[in-house]
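Note: the block below is target_29.txt and it holds compact mmCIF, C-alpha atoms.
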```txt
# COMPACT_ATOMS: atom_id res chain seq x y z
CA MET E 1 82.64 66.51 201.67
CA ALA E 2 80.63 69.47 202.99
CA GLU E 3 83.79 71.57 203.19
CA GLU E 4 84.59 70.94 199.49
CA THR E 5 81.06 72.04 198.48
CA VAL E 6 81.34 75.28 200.47
CA GLN E 7 84.74 75.98 198.91
CA GLN E 8 83.38 75.49 195.37
CA GLN E 9 80.46 77.86 196.04
CA GLN E 10 82.89 80.48 197.37
CA GLU E 11 85.06 80.24 194.18
CA ALA E 12 81.98 80.68 191.97
CA VAL E 13 80.97 83.82 193.87
CA ASN E 14 84.48 85.27 193.57
CA SER E 15 84.54 84.58 189.79
CA THR E 16 81.20 86.32 189.27
CA ALA E 17 82.35 89.33 191.26
CA ALA E 18 85.56 89.61 189.16
CA GLU E 19 83.62 89.59 185.88
CA GLU E 20 81.33 92.38 187.13
CA VAL E 21 84.37 94.52 188.09
CA LYS E 22 85.88 94.09 184.56
CA LYS E 23 82.59 95.16 182.91
CA GLU E 24 82.48 98.29 185.09
CA GLU E 25 86.10 99.18 184.12
CA VAL E 26 85.38 98.78 180.40
CA THR E 27 82.27 100.96 180.72
CA VAL E 28 84.17 103.68 182.58
CA SER E 29 87.03 103.62 180.00
CA THR E 30 84.57 104.02 177.11
CA GLU E 31 82.80 106.91 178.81
CA GLU E 32 86.12 108.67 179.47
CA LYS E 33 87.14 108.38 175.78
CA ASP E 34 83.82 109.82 174.61
CA HIS E 35 84.16 112.64 177.11
CA ASN E 36 87.70 113.48 175.93
CA LYS E 37 86.60 113.55 172.26
CA LYS E 38 83.78 116.00 173.06
CA LYS E 39 86.15 118.09 175.18
CA ASN E 40 88.84 118.34 172.48
CA LYS E 41 86.28 119.16 169.81
CA GLY E 42 85.34 122.38 171.48
CA THR E 43 88.87 123.35 172.58
CA SER E 44 90.31 126.62 171.19
CA PRO E 45 93.83 126.86 169.63
CA GLU E 46 95.03 128.79 172.68
CA GLU E 47 94.13 125.80 174.85
CA LEU E 48 95.79 123.29 172.49
CA PHE E 49 99.07 125.20 171.85
CA ASP E 50 101.47 126.91 174.17
CA LEU E 51 101.39 130.57 173.11
CA THR E 52 103.79 131.63 175.83
CA LYS E 53 106.72 130.59 173.60
CA PRO E 54 107.84 133.05 170.84
CA ILE E 55 106.86 132.25 167.21
CA PRO E 56 109.95 131.55 165.01
CA LYS E 57 110.73 134.54 162.79
CA VAL E 58 111.40 133.95 159.08
CA GLU E 59 113.92 136.36 157.61
CA ARG E 60 112.74 138.38 154.62
CA PRO E 61 114.59 137.43 151.37
CA ASN E 62 117.39 139.75 150.33
CA LYS E 63 116.53 141.15 146.89
CA GLU E 64 120.11 142.10 146.07
CA GLU E 65 121.40 138.63 146.82
CA HIS E 66 118.57 137.10 144.77
CA ASP E 67 119.33 139.36 141.80
CA ALA E 68 123.03 138.52 142.09
CA GLU E 69 122.26 134.80 141.93
CA ILE E 70 120.03 135.27 138.86
CA THR E 71 122.74 137.29 137.14
CA GLU E 72 125.30 134.59 137.84
CA ILE E 73 123.01 131.89 136.46
CA ASN E 74 122.31 133.92 133.29
CA ALA E 75 126.02 134.46 132.80
CA SER E 76 126.62 130.70 133.01
CA ILE E 77 123.86 130.09 130.43
CA ASP E 78 125.35 132.70 128.07
CA LYS E 79 128.75 131.07 128.41
CA LEU E 80 127.33 127.66 127.51
CA LYS E 81 125.56 129.14 124.51
CA GLU E 82 128.80 130.69 123.31
CA GLU E 83 130.63 127.40 123.69
CA ARG E 84 127.88 125.68 121.73
CA ARG E 85 128.16 128.22 118.89
CA ASP E 86 131.92 127.72 118.78
CA LEU E 87 131.44 123.96 118.60
CA HIS E 88 128.96 124.25 115.72
CA THR E 89 131.38 126.54 113.90
CA LYS E 90 134.15 123.99 114.22
CA ILE E 91 131.85 121.23 112.96
CA ASP E 92 130.85 123.34 109.95
CA ASP E 93 134.49 124.08 109.19
CA LEU E 94 135.38 120.39 109.33
CA THR E 95 132.42 119.58 107.10
CA ASN E 96 133.44 122.18 104.55
CA LYS E 97 137.05 120.97 104.60
CA ARG E 98 136.02 117.34 104.19
CA GLY E 99 135.90 117.65 100.43
CA THR E 100 139.52 118.82 100.28
CA THR E 101 140.88 115.86 102.27
CA ALA E 102 141.99 112.59 100.73
CA VAL E 103 139.22 110.65 102.47
CA GLY E 104 136.68 113.24 101.40
CA LYS E 105 137.75 113.01 97.78
CA GLU E 106 137.56 109.22 97.85
CA ARG E 107 134.11 109.32 99.41
CA ASP E 108 132.89 111.82 96.83
CA ALA E 109 134.23 109.60 94.06
CA LEU E 110 132.60 106.57 95.68
CA ARG E 111 129.30 108.41 95.87
CA GLU E 112 129.47 109.19 92.15
CA LEU E 113 130.31 105.58 91.32
CA ARG E 114 127.34 104.32 93.30
CA SER E 115 125.08 106.80 91.54
CA LYS E 116 126.45 105.59 88.21
CA LYS E 117 125.83 102.00 89.28
CA GLY E 118 122.20 102.81 90.01
CA LYS E 119 121.81 104.23 86.50
CA PHE E 120 123.44 101.13 85.02
CA ILE E 121 121.03 98.89 86.91
CA ASP E 122 118.07 100.91 85.62
CA ALA E 123 119.43 100.64 82.06
CA LYS E 124 119.90 96.89 82.46
CA ARG E 125 116.34 96.55 83.72
CA ALA E 126 115.07 98.41 80.62
CA ILE E 127 117.11 96.12 78.34
CA ARG E 128 115.67 93.08 80.10
CA VAL E 129 112.14 94.38 79.47
CA ARG E 130 112.92 94.81 75.75
CA LEU E 131 114.41 91.32 75.59
CA ASP E 132 111.35 89.77 77.18
CA ALA E 133 109.06 91.64 74.78
CA THR E 134 111.09 90.44 71.78
CA LYS E 135 111.02 86.86 73.04
CA ASN E 136 107.24 86.99 73.44
CA GLN E 137 106.88 88.41 69.93
CA THR E 138 109.08 85.66 68.46
CA ASP E 139 107.12 82.93 70.23
CA ARG E 140 103.83 84.39 69.01
CA LEU E 141 105.05 84.55 65.38
CA ILE E 142 106.27 80.94 65.52
CA ASN E 143 102.93 79.73 66.85
CA ASP E 144 101.06 81.67 64.16
CA ARG E 145 103.26 80.14 61.49
CA LYS E 146 102.62 76.63 62.78
CA ALA E 147 98.87 77.21 62.70
CA ALA E 148 98.97 78.61 59.16
CA LYS E 149 101.22 75.84 57.88
CA SER E 150 98.92 73.10 59.13
CA GLY E 151 96.23 74.12 56.61
CA ILE E 152 98.26 73.84 53.41
CA ARG E 153 100.03 70.99 51.57
CA TYR E 154 102.88 72.97 50.01
CA THR E 155 105.01 75.73 51.51
CA ASN E 156 106.72 76.70 48.27
CA ILE E 157 105.07 78.54 45.38
CA SER E 158 107.12 76.69 42.78
CA ASP E 159 105.92 73.37 44.15
CA ILE E 160 102.33 74.62 43.94
CA ASP E 161 102.78 75.74 40.32
CA ALA E 162 104.30 72.39 39.44
CA GLU E 163 101.34 70.54 40.96
CA ILE E 164 98.83 72.77 39.19
CA SER E 165 100.58 72.13 35.85
CA LYS E 166 100.48 68.41 36.47
CA LEU E 167 96.76 68.44 37.19
CA SER E 168 96.12 70.64 34.20
CA ARG E 169 97.88 68.21 31.85
CA LYS E 170 95.92 65.36 33.38
CA GLN E 171 92.71 67.20 32.67
CA GLU E 172 93.74 67.78 29.06
CA THR E 173 95.12 64.35 28.29
CA THR E 174 93.00 62.04 30.37
CA SER E 175 89.44 60.97 29.72
CA MET E 176 87.41 61.31 32.90
CA SER E 177 83.88 61.70 34.06
CA LEU E 178 82.35 65.09 34.64
CA ALA E 179 82.44 64.55 38.40
CA ASP E 180 86.13 63.66 38.34
CA GLU E 181 86.89 66.68 36.21
CA LYS E 182 85.03 68.91 38.66
CA ARG E 183 87.03 67.49 41.53
CA LEU E 184 90.24 68.10 39.57
CA ILE E 185 89.32 71.68 38.83
CA LYS E 186 88.40 72.24 42.46
CA GLU E 187 91.75 70.85 43.60
CA MET E 188 93.61 73.18 41.23
CA GLY E 189 91.60 76.08 42.64
CA VAL E 190 92.56 75.15 46.20
CA LEU E 191 96.22 74.97 45.16
CA GLN E 192 95.98 78.35 43.47
CA ALA E 193 94.41 79.87 46.58
CA SER E 194 97.10 78.37 48.80
CA LYS E 195 99.67 80.62 47.08
CA SER E 196 98.46 83.55 49.20
CA LEU E 197 98.85 81.44 52.36
CA VAL E 198 102.38 80.50 51.32
CA ALA E 199 103.15 84.19 50.78
CA GLU E 200 101.89 84.90 54.29
CA LEU E 201 104.10 82.13 55.60
CA LYS E 202 107.09 83.75 53.92
CA LYS E 203 106.27 87.05 55.57
CA LYS E 204 105.99 85.31 58.92
CA ASP E 205 109.35 83.64 58.36
CA ILE E 206 110.90 87.03 57.65
CA SER E 207 109.28 88.49 60.77
CA ILE E 208 110.52 85.56 62.85
CA ASP E 209 114.06 85.97 61.49
CA ASN E 210 113.97 89.69 62.25
CA ALA E 211 112.67 89.06 65.77
CA LYS E 212 115.40 86.50 66.39
CA GLU E 213 118.03 88.89 65.12
CA GLN E 214 116.68 91.67 67.29
CA ARG E 215 116.74 89.30 70.23
CA LYS E 216 120.43 88.57 69.59
CA ILE E 217 121.20 92.29 69.49
CA ILE E 218 119.37 92.97 72.75
CA THR E 219 121.06 89.97 74.39
CA SER E 220 124.42 91.40 73.33
CA GLU E 221 123.46 94.76 74.86
CA LEU E 222 122.54 93.01 78.09
CA MET E 223 125.86 91.16 78.23
CA THR E 224 127.73 94.41 77.58
CA LYS E 225 125.85 96.11 80.39
CA ASP E 226 126.69 93.20 82.71
CA ARG E 227 130.39 93.63 81.92
CA GLU E 228 130.14 97.35 82.59
CA LEU E 229 128.45 96.69 85.91
CA ASP E 230 131.14 94.17 86.88
CA ALA E 231 133.90 96.67 86.08
CA LEU E 232 132.09 99.42 87.96
CA GLN E 233 131.59 97.19 91.00
CA LYS E 234 135.30 96.36 90.95
CA GLU E 235 136.11 100.07 91.01
CA ILE E 236 133.68 100.60 93.89
CA ASP E 237 135.36 97.82 95.86
CA GLU E 238 138.77 99.40 95.24
CA ARG E 239 137.53 102.78 96.46
CA ASN E 240 136.12 101.18 99.61
CA ASN E 241 139.45 99.50 100.32
CA THR E 242 141.29 102.77 99.78
CA ILE E 243 138.99 104.59 102.22
CA LYS E 244 139.51 101.90 104.84
CA LYS E 245 143.28 102.21 104.52
CA ILE E 246 143.48 106.00 104.82
CA SER E 247 140.69 106.48 107.37
```

Full structure transcribed into structure tokens:
Amino acid sequence: MAEETVQQQQEAVNSTAAEEVKKEEVTVSTEEKDHNKKKNKGTSPEELFDLTKPIPKVERPNKEEHDAEITEINASIDKLKEERRDLHTKIDDLTNKRGTTAVGKERDALRELRSKKGKFIDAKRAIRVRLDATKNQTDRLINDRKAAKSGIRYTNISDIDAEISKLSRKQETTSMSLADEKRLIKEMGVLQASKSLVAELKKKDISIDNAKEQRKIITSELMTKDRELDALQKEIDERNNTIKKIS
């Protein structure tokens, strides 16, 4: 038992001694690093580099060779420019000759047809505007006529004259009170005044008939323009098919 205690004490002493040795080594290593940093900081280039070896010599550029290379490059650029000009010339020639080829002629004709179609569409649009305006005018005249007609009993002047004559004979041949006679006279006056309203109705009827006739004419123009557009579109389709075949 005493021997085990002595052995344990000896191991503890050895462990403590080992730790102290490690601390001393770390301290010495740190001091050496600091010393080397300070030493290198003040070291001259001659001490850092080996100047006993010869410095590599860089040959001076040859001006003649450099000029020759530049000349060769410029010549290549000039050649490319010339080739580009020749290519543009060929393209221009082909463009100018396009109109004389069959395809070119068909394309020119197709271009004209499409331009004509655009004009036809504009004309049709103008006709449509006129037709709408005429329709609105006709509807307005019809509504005005209905409103005017609702305020009168007769729409024919001859019927009004016949009614006035009938009331006049009644006044002459029938015995009536003064109040009844006044009412009769007033009624004849209203009938007489309604003649002007009937005349206005006749004018409105004429205006309505004219508007309807004008509407028929414009509708006919629109239908004609539609047929022209259909024929033109058919011709455009034929030109397109021709171009596809010969292209």

* **Given only C-alpha atoms as the counted atoms, nearest of E:Leu184, E:Ala75, E:Lys135, E:Ser158 to Lys170 of chain E** =>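 Between E:Leu184, E:Ala75, E:Lys135, E:Ser158, the residue approaching Lys170 of chain E most closely is E:Leu184.
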
* To do: Rank E:Ala123, E:Met176, E:Leu94, E:Ile157 by their smallest atom-to-atom distance to Glu221 of chain E, using only C-alpha atoms, and report the top residue only.
  =>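 Closest candidate: E:Ala123.
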
* **Point-to-point distance from atom CA of Thr89 of chain E to atom CA of Glu106 of chain E, Å rounded to tenths** =>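 For atom CA of Thr89 of chain E relative to atom CA of Glu106 of chain E, the distance reads 24.4 Å.
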
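Of the residues listed (E:Gln233, E:Asn143, E:Gln192, E:Ser177), E:Gln192 shows the shortest atom-to-atom separation from Ala162 of chain E; distances use all atoms listed in the file.
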
* For Asp139 of chain E, the nearest of the candidates E:Thr101, E:Ser76, E:Ser207, E:Thr173, counting all atoms listed in the file -> E:Ser207

* Calculate how many Å separate atom CA of Arg153 of chain E from atom CA of Asn136 of chain E, rounding to one decimal. =>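 A separation of 28.0 Å between them.
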
* Nearest to Lys117 of chain E: which of E:Lys216, E:Lys90, E:Lys225, E:Lys81 is it, counting all atoms listed in the file? -> E:Lys225

* If you measure from atom CA of Thr219 of chain E to atom CA of Thr134 of chain E, what distance in Å do you get, rounded to one decimal? ->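 Answer for the atom CA of Thr219 of chain E to atom CA of Thr134 of chain E separation: 10.3 Å.
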
* Asked: Between E:Ile218, E:Ile121, E:Leu167, E:Ile208, which is the closest to Val190 of chain E once you count all atoms listed in the file?
  -> E:Leu167
